[in-house]
$ cat model_24.txt   # compact mmCIF, C-alpha atoms
# COMPACT_ATOMS: atom_id res chain seq x y z
CA MET A 1 -15.85 9.45 -3.29
CA SER A 2 -13.26 11.20 -5.40
CA LEU A 3 -9.60 11.11 -4.50
CA GLU A 4 -8.09 14.52 -3.90
CA VAL A 5 -4.93 15.57 -2.08
CA GLY A 6 -5.84 17.55 1.02
CA LYS A 7 -9.23 15.84 1.36
CA GLN A 8 -10.34 12.86 3.45
CA ALA A 9 -8.82 9.60 2.15
CA PRO A 10 -11.33 6.89 1.20
CA GLN A 11 -12.15 4.78 4.25
CA PHE A 12 -11.94 1.01 4.11
CA THR A 13 -12.16 -2.16 6.14
CA LEU A 14 -10.32 -5.19 4.79
CA PRO A 15 -9.00 -8.46 6.22
CA ASN A 16 -5.30 -8.63 7.06
CA GLN A 17 -3.00 -11.64 6.78
CA LYS A 18 -4.60 -13.13 9.92
CA GLY A 19 -8.15 -12.62 8.64
CA GLU A 20 -8.73 -9.78 11.14
CA LYS A 21 -10.67 -6.73 9.95
CA VAL A 22 -8.51 -3.62 9.64
CA SER A 23 -9.82 -0.12 8.94
CA LEU A 24 -8.04 3.05 7.95
CA ALA A 25 -9.64 4.63 11.04
CA ASP A 26 -7.60 2.21 13.21
CA TYR A 27 -4.53 4.30 12.40
CA LYS A 28 -5.93 7.72 13.32
CA GLY A 29 -3.18 9.82 14.87
CA LYS A 30 -0.42 8.28 12.74
CA HIS A 31 0.86 8.84 9.25
CA VAL A 32 -0.20 5.93 7.05
CA VAL A 33 1.91 4.76 4.14
CA LEU A 34 -0.71 2.90 2.13
CA TYR A 35 0.85 1.04 -0.74
CA PHE A 36 -0.94 -0.90 -3.45
CA TYR A 37 0.92 -3.66 -5.26
CA PRO A 38 -0.05 -6.22 -7.91
CA LYS A 39 0.89 -9.68 -6.56
CA ASP A 40 2.44 -11.42 -3.57
CA MET A 41 5.71 -13.26 -4.27
CA SER A 42 6.27 -11.66 -7.69
CA PRO A 43 9.80 -10.29 -8.18
CA GLY A 44 8.88 -6.58 -8.23
CA CYS A 45 6.45 -6.84 -5.35
CA THR A 46 8.98 -8.77 -3.29
CA THR A 47 11.60 -6.08 -3.94
CA GLU A 48 9.15 -3.38 -2.88
CA ALA A 49 7.94 -5.23 0.24
CA CYS A 50 11.49 -5.96 1.37
CA ASP A 51 12.42 -2.30 0.83
CA PHE A 52 9.51 -1.28 3.08
CA ARG A 53 10.63 -3.96 5.58
CA ASP A 54 14.20 -2.66 5.59
CA ASN A 55 12.96 0.90 6.22
CA HIS A 56 10.23 -0.09 8.69
CA GLU A 57 12.12 1.23 11.71
CA SER A 58 12.77 4.60 10.03
CA PHE A 59 9.05 4.99 9.26
CA GLY A 60 8.24 4.03 12.85
CA GLU A 61 10.57 6.76 14.16
CA LEU A 62 8.38 9.23 12.23
CA ASP A 63 5.21 7.75 13.78
CA ALA A 64 4.22 6.28 10.42
CA VAL A 65 2.74 2.85 9.76
CA ILE A 66 3.07 0.87 6.54
CA VAL A 67 0.07 -0.99 5.15
CA GLY A 68 0.15 -2.97 1.91
CA VAL A 69 -2.92 -3.78 -0.20
CA SER A 70 -3.32 -6.21 -3.09
CA PRO A 71 -6.12 -8.34 -4.53
CA ASP A 72 -4.41 -11.51 -3.25
CA PRO A 73 -6.24 -13.60 -0.63
CA VAL A 74 -5.40 -13.62 3.08
CA GLU A 75 -3.54 -16.96 2.82
CA ASP A 76 -1.17 -15.59 0.16
CA HIS A 77 -0.47 -12.52 2.31
CA LYS A 78 0.37 -14.73 5.29
CA ALA A 79 2.81 -16.81 3.22
CA PHE A 80 4.40 -13.63 1.78
CA ILE A 81 4.87 -12.14 5.26
CA ASP A 82 6.26 -15.39 6.67
CA LYS A 83 8.69 -15.93 3.79
CA HIS A 84 10.11 -12.39 3.83
CA ASP A 85 9.68 -11.52 7.53
CA LEU A 86 7.52 -8.48 6.78
CA PRO A 87 6.75 -6.49 9.97
CA PHE A 88 3.62 -4.74 8.66
CA GLU A 89 0.09 -5.66 7.67
CA LEU A 90 -1.00 -6.74 4.22
CA LEU A 91 -4.68 -6.34 3.41
CA ALA A 92 -6.69 -8.49 1.02
CA ASP A 93 -8.82 -6.53 -1.46
CA GLU A 94 -9.99 -9.55 -3.43
CA ASP A 95 -12.90 -7.75 -5.09
CA HIS A 96 -10.58 -4.77 -5.80
CA LYS A 97 -13.15 -2.25 -4.51
CA ILE A 98 -10.59 -0.30 -2.51
CA CYS A 99 -8.13 -0.43 -5.41
CA GLU A 100 -10.87 1.14 -7.52
CA GLU A 101 -11.59 3.81 -4.88
CA TYR A 102 -7.91 4.77 -4.87
CA ASP A 103 -7.93 4.63 -8.69
CA VAL A 104 -5.14 2.05 -8.98
CA TRP A 105 -7.20 -0.71 -10.68
CA LYS A 106 -6.40 -0.13 -14.35
CA LEU A 107 -6.28 -1.80 -17.73
CA LYS A 108 -2.72 -3.04 -18.21
CA LYS A 109 -0.89 -4.62 -21.10
CA MET A 110 1.83 -7.25 -20.89
CA PHE A 111 3.18 -9.47 -23.66
CA GLY A 112 0.43 -8.25 -25.97
CA LYS A 113 -2.38 -9.21 -23.58
CA GLU A 114 -4.69 -6.77 -21.87
CA PHE A 115 -5.98 -7.33 -18.35
CA TYR A 116 -7.06 -5.38 -15.28
CA GLY A 117 -4.70 -5.16 -12.36
CA VAL A 118 -3.11 -2.94 -9.75
CA VAL A 119 -0.85 -0.12 -10.87
CA ARG A 120 1.85 0.09 -8.18
CA SER A 121 1.12 3.23 -6.15
CA THR A 122 1.76 4.62 -2.67
CA PHE A 123 -0.32 7.13 -0.73
CA ILE A 124 0.65 9.13 2.34
CA ILE A 125 -2.30 9.78 4.65
CA ASP A 126 -1.85 12.27 7.47
CA PRO A 127 -2.77 11.62 11.13
CA GLU A 128 -6.22 13.17 10.59
CA GLY A 129 -7.00 10.79 7.71
CA ASN A 130 -6.45 13.25 4.87
CA LEU A 131 -4.65 12.28 1.69
CA GLN A 132 -1.35 14.11 1.86
CA LYS A 133 0.63 12.77 -1.13
CA GLU A 134 0.27 10.35 -4.06
CA PHE A 135 3.05 8.40 -5.71
CA ARG A 136 1.41 6.80 -8.76
CA ASP A 137 2.71 4.21 -11.20
CA VAL A 138 5.98 3.92 -9.32
CA ASN A 139 8.89 1.57 -9.83
CA ALA A 140 9.24 -1.26 -7.33
CA GLU A 141 12.69 -0.02 -6.46
CA GLY A 142 13.41 3.45 -5.06
CA HIS A 143 10.03 4.94 -4.22
CA VAL A 144 10.10 3.75 -0.59
CA GLU A 145 12.88 6.25 0.07
CA ASP A 146 10.81 8.97 -1.64
CA ALA A 147 7.88 8.21 0.68
CA LEU A 148 10.13 8.20 3.74
CA ASN A 149 11.72 11.51 2.75
CA TYR A 150 8.32 13.05 2.08
CA ILE A 151 7.08 12.21 5.58
CA ARG A 152 10.36 13.36 7.12
CA ASP A 153 10.15 16.70 5.27
CA ASN A 154 6.43 17.28 5.89
CA LYS A 155 5.93 16.11 9.46

$ encode --input "model_24.txt" --output "structure tokens"
Amino acid sequence: MSLEVGKQAPQFTLPNQKGEKVSLADYKGKHVVLYFYPKDMSPGCTTEACDFRDNHESFGELDAVIVGVSPDPVEDHKAFIDKHDLPFELLADEDHKICEEYDVWKLKKMFGKEFYGVVRSTFIIDPEGNLQKEFRDVNAEGHVEDALNYIRDNK
């Protein structure tokens, strides 16, 4: 499936921090803020998650749910949620298949080494399950407000 704004978003079923299966279809009727991030507990990902946490109520007022996805295992997600009091689900994409479907699994370079990993990105999916907006290769800080404003302006 190719990713195209205005078309059906790629469907998925992944385990959440409790090991329960969660599907995109579970959120039909709501806006979904689907954000992909590289690693639980890392500084940038913690900043981003806490920014989503601090704006959780504002998203809820717009009938939007926040769902985070990374290749970390369920146990790491649970620890991340517990440590930072995150009020939304984190899904474990350990084989990075969903990251690949959303085209966020890329070759990266850090300190002269190349490796594959998640490029921080956020997707807005409308209540019918269509991809409404992409925010790709975003900074950990600041893009949460962009996503919130986008939903507010396009509700």

$ atom_distance --input "model_24.txt" --atom1 "atom CA of Val67 of chain A" --atom2 "atom CA of Lys106 of chain A"
20.6 Å

$ closest_residue --input "model_24.txt" --among "A:Thr122, A:Ser23, A:Thr46, A:Ser70" --to "Ala92 of chain A" --atoms "only C-alpha atoms"
A:Ser70

$ residues_around --input "model_24.txt" --residues "Arg136 of chain A" --least-positions-apart "4" --cutoff "9 Å" --atoms "all atoms listed in the file" --output "PyMOL selection string"
chain A and resi 104+119-123

$ write_last_selection --input "model_24.txt" --atoms "C-alpha atoms" --output "compact mmCIF listing (two decimals), keeping the file's coordinate frame"
# COMPACT_ATOMS: atom_id res chain seq x y z
CA VAL A 104 -5.14 2.05 -8.98
CA VAL A 119 -0.85 -0.12 -10.87
CA ARG A 120 1.85 0.09 -8.18
CA SER A 121 1.12 3.23 -6.15
CA THR A 122 1.76 4.62 -2.67
CA PHE A 123 -0.32 7.13 -0.73

$ closest_residue --input "model_24.txt" --among "A:Leu62, A:Leu148, A:Leu91, A:Cys45" --to "Gln17 of chain A" --atoms "all atoms listed in the file"
A:Leu91

$ atom_distance --input "model_24.txt" --atom1 "atom CA of Gly44 of chain A" --atom2 "atom CA of Leu107 of chain A"
18.5 Å

$ atom_distance --input "model_24.txt" --atom1 "atom CA of Tyr37 of chain A" --atom2 "atom CA of Gly19 of chain A"
18.9 Å

$ axis_aligned_box --input "model_24.txt" --around "segment 81-93 of chain A" --padding-each-side "8 Å" --output "JSON"
{"center_x": 0.6, "center_y": -10.3, "center_z": 4.3, "size_x": 34.9, "size_y": 27.2, "size_z": 27.4}

$ closest_residue --input "model_24.txt" --among "A:Val22, A:Val144, A:Leu131, A:Val74" --to "Asp51 of chain A" --atoms "all atoms listed in the file"
A:Val144

$ residues_near_point --input "model_24.txt" --point "(1.9, 14.9, 2.6)" --cutoff "9 Å" --atoms "all atoms listed in the file" --output "mmCIF file with C-alpha atoms, in the frame of the given file"
data_model
loop_
_atom_site.group_PDB
_atom_site.id
_atom_site.type_symbol
_atom_site.label_atom_id
_atom_site.label_comp_id
_atom_site.auth_asym_id
_atom_site.auth_seq_id
_atom_site.Cartn_x
_atom_site.Cartn_y
_atom_site.Cartn_z
ATOM 1 C CA VAL A 5 -4.930 15.570 -2.080
ATOM 2 C CA GLY A 6 -5.840 17.550 1.020
ATOM 3 C CA PHE A 123 -0.320 7.130 -0.730
ATOM 4 C CA ILE A 124 0.650 9.130 2.340
ATOM 5 C CA ILE A 125 -2.300 9.780 4.650
ATOM 6 C CA ASP A 126 -1.850 12.270 7.470
ATOM 7 C CA ASN A 130 -6.450 13.250 4.870
ATOM 8 C CA LEU A 131 -4.650 12.280 1.690
ATOM 9 C CA GLN A 132 -1.350 14.110 1.860
ATOM 10 C CA LYS A 133 0.630 12.770 -1.130
ATOM 11 C CA GLU A 134 0.270 10.350 -4.060
ATOM 12 C CA TYR A 150 8.320 13.050 2.080
ATOM 13 C CA ILE A 151 7.080 12.210 5.580
ATOM 14 C CA ASP A 153 10.150 16.700 5.270
ATOM 15 C CA ASN A 154 6.430 17.280 5.890
ATOM 16 C CA LYS A 155 5.930 16.110 9.460
#

$ closest_residue --input "model_24.txt" --among "A:Lys7, A:Lys113, A:Lys30, A:His143" --to "Gly60 of chain A" --atoms "all atoms listed in the file"
A:Lys30

$ residues_around --input "model_24.txt" --residues "segment 93-99 of chain A" --least-positions-apart "5" --cutoff "8 Å" --atoms "only C-alpha atoms" --output "MDAnalysis selection string"
chainID A and resid 12 14:15 36 69:73 104:105 118

$ residues_around --input "model_24.txt" --residues "Arg152 of chain A" --least-positions-apart "4" --cutoff "10 Å" --atoms "all atoms listed in the file" --output "list in words"
Ser58, Phe59, Glu61, Leu62, Ala64, Asp146, Ala147 and Leu148 of chain A

$ residues_around --input "model_24.txt" --residues "Val65 of chain A" --least-positions-apart "6" --cutoff "8 Å" --atoms "only C-alpha atoms" --output "CSV table (one decimal) with C-alpha atoms, in the frame of the given file"
chain,number,residue,atom,x,y,z
A,27,TYR,CA,-4.5,4.3,12.4
A,30,LYS,CA,-0.4,8.3,12.7
A,31,HIS,CA,0.9,8.8,9.2
A,32,VAL,CA,-0.2,5.9,7.0
A,33,VAL,CA,1.9,4.8,4.1
A,59,PHE,CA,9.0,5.0,9.3
A,88,PHE,CA,3.6,-4.7,8.7

$ build_atoms --input "model_24.txt" --residues "segment 132-150 of chain A" --atoms "N, CA, C and O atoms" --output "mmCIF file, in the coordinates of the input"
data_model
loop_
_atom_site.group_PDB
_atom_site.id
_atom_site.type_symbol
_atom_site.label_atom_id
_atom_site.label_comp_id
_atom_site.auth_asym_id
_atom_site.auth_seq_id
_atom_site.Cartn_x
_atom_site.Cartn_y
_atom_site.Cartn_z
ATOM 1 N N GLN A 132 -2.387 13.084 1.838
ATOM 2 C CA GLN A 132 -1.350 14.110 1.860
ATOM 3 C C GLN A 132 -0.507 14.086 0.585
ATOM 4 O O GLN A 132 -0.099 15.129 0.093
ATOM 5 N N LYS A 133 -0.245 12.886 0.034
ATOM 6 C CA LYS A 133 0.630 12.770 -1.130
ATOM 7 C C LYS A 133 0.326 11.482 -1.877
ATOM 8 O O LYS A 133 0.020 10.464 -1.259
ATOM 9 N N GLU A 134 0.427 11.539 -3.205
ATOM 10 C CA GLU A 134 0.270 10.350 -4.060
ATOM 11 C C GLU A 134 1.572 10.097 -4.800
ATOM 12 O O GLU A 134 2.182 11.033 -5.305
ATOM 13 N N PHE A 135 1.956 8.851 -4.849
ATOM 14 C CA PHE A 135 3.050 8.400 -5.710
ATOM 15 C C PHE A 135 2.429 7.347 -6.613
ATOM 16 O O PHE A 135 2.194 6.222 -6.180
ATOM 17 N N ARG A 136 2.131 7.704 -7.857
ATOM 18 C CA ARG A 136 1.410 6.800 -8.760
ATOM 19 C C ARG A 136 2.335 6.176 -9.790
ATOM 20 O O ARG A 136 3.286 6.804 -10.241
ATOM 21 N N ASP A 137 1.981 4.932 -10.148
ATOM 22 C CA ASP A 137 2.710 4.210 -11.200
ATOM 23 C C ASP A 137 4.211 4.247 -10.949
ATOM 24 O O ASP A 137 4.993 4.628 -11.813
ATOM 25 N N VAL A 138 4.583 3.853 -9.743
ATOM 26 C CA VAL A 138 5.980 3.920 -9.320
ATOM 27 C C VAL A 138 6.741 2.637 -9.664
ATOM 28 O O VAL A 138 6.135 1.594 -9.896
ATOM 29 N N ASN A 139 8.046 2.745 -9.675
ATOM 30 C CA ASN A 139 8.890 1.570 -9.830
ATOM 31 C C ASN A 139 8.969 0.843 -8.492
ATOM 32 O O ASN A 139 8.896 1.476 -7.435
ATOM 33 N N ALA A 140 9.149 -0.459 -8.560
ATOM 34 C CA ALA A 140 9.240 -1.260 -7.330
ATOM 35 C C ALA A 140 10.429 -0.814 -6.493
ATOM 36 O O ALA A 140 10.382 -0.842 -5.270
ATOM 37 N N GLU A 141 11.466 -0.397 -7.146
ATOM 38 C CA GLU A 141 12.690 -0.020 -6.460
ATOM 39 C C GLU A 141 12.804 1.499 -6.380
ATOM 40 O O GLU A 141 12.596 2.189 -7.372
ATOM 41 N N GLY A 142 13.097 2.030 -5.193
ATOM 42 C CA GLY A 142 13.410 3.450 -5.060
ATOM 43 C C GLY A 142 12.316 4.329 -4.489
ATOM 44 O O GLY A 142 12.627 5.328 -3.848
ATOM 45 N N HIS A 143 11.052 4.003 -4.685
ATOM 46 C CA HIS A 143 10.030 4.940 -4.220
ATOM 47 C C HIS A 143 9.803 4.892 -2.714
ATOM 48 O O HIS A 143 9.263 5.830 -2.146
ATOM 49 N N VAL A 144 10.241 3.831 -2.050
ATOM 50 C CA VAL A 144 10.100 3.750 -0.590
ATOM 51 C C VAL A 144 10.873 4.891 0.059
ATOM 52 O O VAL A 144 10.374 5.558 0.965
ATOM 53 N N GLU A 145 12.061 5.149 -0.454
ATOM 54 C CA GLU A 145 12.880 6.250 0.070
ATOM 55 C C GLU A 145 12.193 7.597 -0.182
ATOM 56 O O GLU A 145 12.222 8.489 0.665
ATOM 57 N N ASP A 146 11.550 7.736 -1.346
ATOM 58 C CA ASP A 146 10.810 8.970 -1.640
ATOM 59 C C ASP A 146 9.689 9.177 -0.620
ATOM 60 O O ASP A 146 9.474 10.290 -0.143
ATOM 61 N N ALA A 147 8.966 8.111 -0.293
ATOM 62 C CA ALA A 147 7.880 8.210 0.680
ATOM 63 C C ALA A 147 8.427 8.563 2.070
ATOM 64 O O ALA A 147 7.869 9.421 2.762
ATOM 65 N N LEU A 148 9.508 7.930 2.450
ATOM 66 C CA LEU A 148 10.130 8.200 3.740
ATOM 67 C C LEU A 148 10.584 9.659 3.816
ATOM 68 O O LEU A 148 10.318 10.364 4.801
ATOM 69 N N ASN A 149 11.255 10.131 2.778
ATOM 70 C CA ASN A 149 11.720 11.510 2.750
ATOM 71 C C ASN A 149 10.566 12.500 2.772
ATOM 72 O O ASN A 149 10.636 13.549 3.417
ATOM 73 N N TYR A 150 9.482 12.163 2.093
ATOM 74 C CA TYR A 150 8.320 13.050 2.080
ATOM 75 C C TYR A 150 7.774 13.219 3.492
ATOM 76 O O TYR A 150 7.499 14.328 3.933
#
